[in-house]
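Visitor: What follows is a single structure, and I will ask about it in a moment.
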Amino acid sequence: ESFQLKFDQVLHNASQEYVYEVCGKEAVTNVLDGYNSTVMAYGQTGAGKTYTMTGGKYSQASFQQRGLVPRCIADVFNEIRARSQVSVTVRISYLEIYNENFYDLLAPEAKADIQLQEDAKGAVQVKGVSSHVVASEEDAL
């Protein structure tokens with residue numbers, strides 16, 4: 001009946017690198033330590049969610065403009081190489097929520113029945129979204 005959100009800070013005119021350091025880096029560390037992790041952008045139309053998540057077009061000229069997703073992916077694979085004694089399988093999903101509808105961005109032709117389910121411990125699972133095994137940063141991108 002009541003819901004509270006924790007407010008940390010406003011990232012006004014922040015660089016993509018700073019946004020990643022504040023919002024994404026810990027998610028990567030958590031994933032590699034065995035926890036599920038989600039990076040999510042929420043806001044009104046035109047607020048910059050897509051730019052924050054994906055950044056500019058992928059090219060050498062726009063390397064500094066990479067968003068959270070390509071930065072997280074790069075760090076995941078860099079860390080996997082650094083932890084060579086551990087075997088890791090990377091699966092990736094890419095979900096858009098728009099007007100309360102779910103869209104699987106890695107299987108756009110499929111009309112999946114995507115649902116959110118909460119278990120007894122309060123953990124939320126996304127059911128019906130595709131999950132793809134990727135072996136490299138390039139595959140993931």
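Residue numbering restarts at 1 in every chain; chains get A, B, ... in the order shown in the structure tokens, and ligands count up from 1 in that same order.
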Using DSSP on the backbone, list every residue of segment 51-96 of chain A that comes out as strand (DSSP E), and give them as a list in words.
Guide: Val90, Arg91, Ile92, Leu95 and Glu96 of chain A
Visitor: Find the residues around segment 44-48 of chain A up to 12 Å (only C-alpha atoms counted), leave out those fewer than 5 positions away in its own chain, and share them as a count of residues only.
Guide: 12
Visitor: Using backbone DSSP assignments, extract all helix (DSSP H, G or I) residues from segment 12-139 of chain A; output them as a ChimeraX atom specification.
Guide: /A:16-23,25-32,49-54,60-65,68-82,137-139
Visitor: Find the residues around Asp139 of chain A up to 12 Å (only C-alpha atoms counted), leave out those fewer than 5 positions away in its own chain, and share them as a list in words.
Guide: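 Counting only C-alpha atoms, the residues come to Pro70, Ile73, Ala74, Phe77, Val90, Arg91, Ile92, His132, Val133 and Val134 of chain A.
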Visitor: What does the file look like for those residues with N, CA, C and O atoms, as an mmCIF file, in the first residue's frame?
Guide:
```
data_model
loop_
_atom_site.group_PDB
_atom_site.id
_atom_site.type_symbol
_atom_site.label_atom_id
_atom_site.label_comp_id
_atom_site.auth_asym_id
_atom_site.auth_seq_id
_atom_site.Cartn_x
_atom_site.Cartn_y
_atom_site.Cartn_z
ATOM 1 N N PRO A 70 27.168 -1.092 -23.544
ATOM 2 C CA PRO A 70 28.467 -1.509 -24.078
ATOM 3 C C PRO A 70 29.594 -1.438 -23.050
ATOM 4 O O PRO A 70 30.518 -2.246 -23.082
ATOM 5 N N ILE A 73 29.195 -4.591 -20.838
ATOM 6 C CA ILE A 73 29.608 -5.769 -21.603
ATOM 7 C C ILE A 73 31.135 -5.837 -21.690
ATOM 8 O O ILE A 73 31.734 -6.889 -21.465
ATOM 9 N N ALA A 74 31.777 -4.724 -21.996
ATOM 10 C CA ALA A 74 33.240 -4.703 -22.095
ATOM 11 C C ALA A 74 33.876 -5.103 -20.775
ATOM 12 O O ALA A 74 34.805 -5.926 -20.745
ATOM 13 N N PHE A 77 33.579 -8.944 -19.963
ATOM 14 C CA PHE A 77 34.543 -9.791 -20.672
ATOM 15 C C PHE A 77 35.982 -9.507 -20.263
ATOM 16 O O PHE A 77 36.807 -10.421 -20.216
ATOM 17 N N VAL A 90 28.177 -16.553 -20.328
ATOM 18 C CA VAL A 90 27.473 -15.269 -20.351
ATOM 19 C C VAL A 90 26.212 -15.418 -21.186
ATOM 20 O O VAL A 90 26.258 -15.860 -22.331
ATOM 21 N N ARG A 91 25.097 -15.055 -20.592
ATOM 22 C CA ARG A 91 23.810 -15.009 -21.292
ATOM 23 C C ARG A 91 23.329 -13.571 -21.256
ATOM 24 O O ARG A 91 23.461 -12.888 -20.249
ATOM 25 N N ILE A 92 22.734 -13.146 -22.353
ATOM 26 C CA ILE A 92 22.297 -11.756 -22.432
ATOM 27 C C ILE A 92 20.828 -11.688 -22.865
ATOM 28 O O ILE A 92 20.384 -12.466 -23.700
ATOM 29 N N HIS A 132 20.358 -15.335 -24.614
ATOM 30 C CA HIS A 132 21.296 -15.773 -25.642
ATOM 31 C C HIS A 132 22.690 -15.913 -25.056
ATOM 32 O O HIS A 132 23.195 -14.990 -24.413
ATOM 33 N N VAL A 133 23.320 -17.069 -25.291
ATOM 34 C CA VAL A 133 24.689 -17.272 -24.863
ATOM 35 C C VAL A 133 25.609 -16.512 -25.801
ATOM 36 O O VAL A 133 25.449 -16.591 -27.024
ATOM 37 N N VAL A 134 26.541 -15.747 -25.233
ATOM 38 C CA VAL A 134 27.503 -15.000 -26.029
ATOM 39 C C VAL A 134 28.912 -15.337 -25.522
ATOM 40 O O VAL A 134 29.121 -15.513 -24.332
#
```
Visitor: From the list A:Tyr20, A:Asp113, A:Glu1, A:Leu95, which residue is nearest Val69 of chain A when using only C-alpha atoms?
Guide: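 With only C-alpha atoms as the atom set, the closest residue is A:Tyr20.
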Visitor: To one decimal in Å, tell me the separation between atom CA of Lys127 of chain A and atom CA of Thr50 of chain A.
Guide: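 Between atom CA of Lys127 of chain A and atom CA of Thr50 of chain A the gap works out to 23.2 Å.
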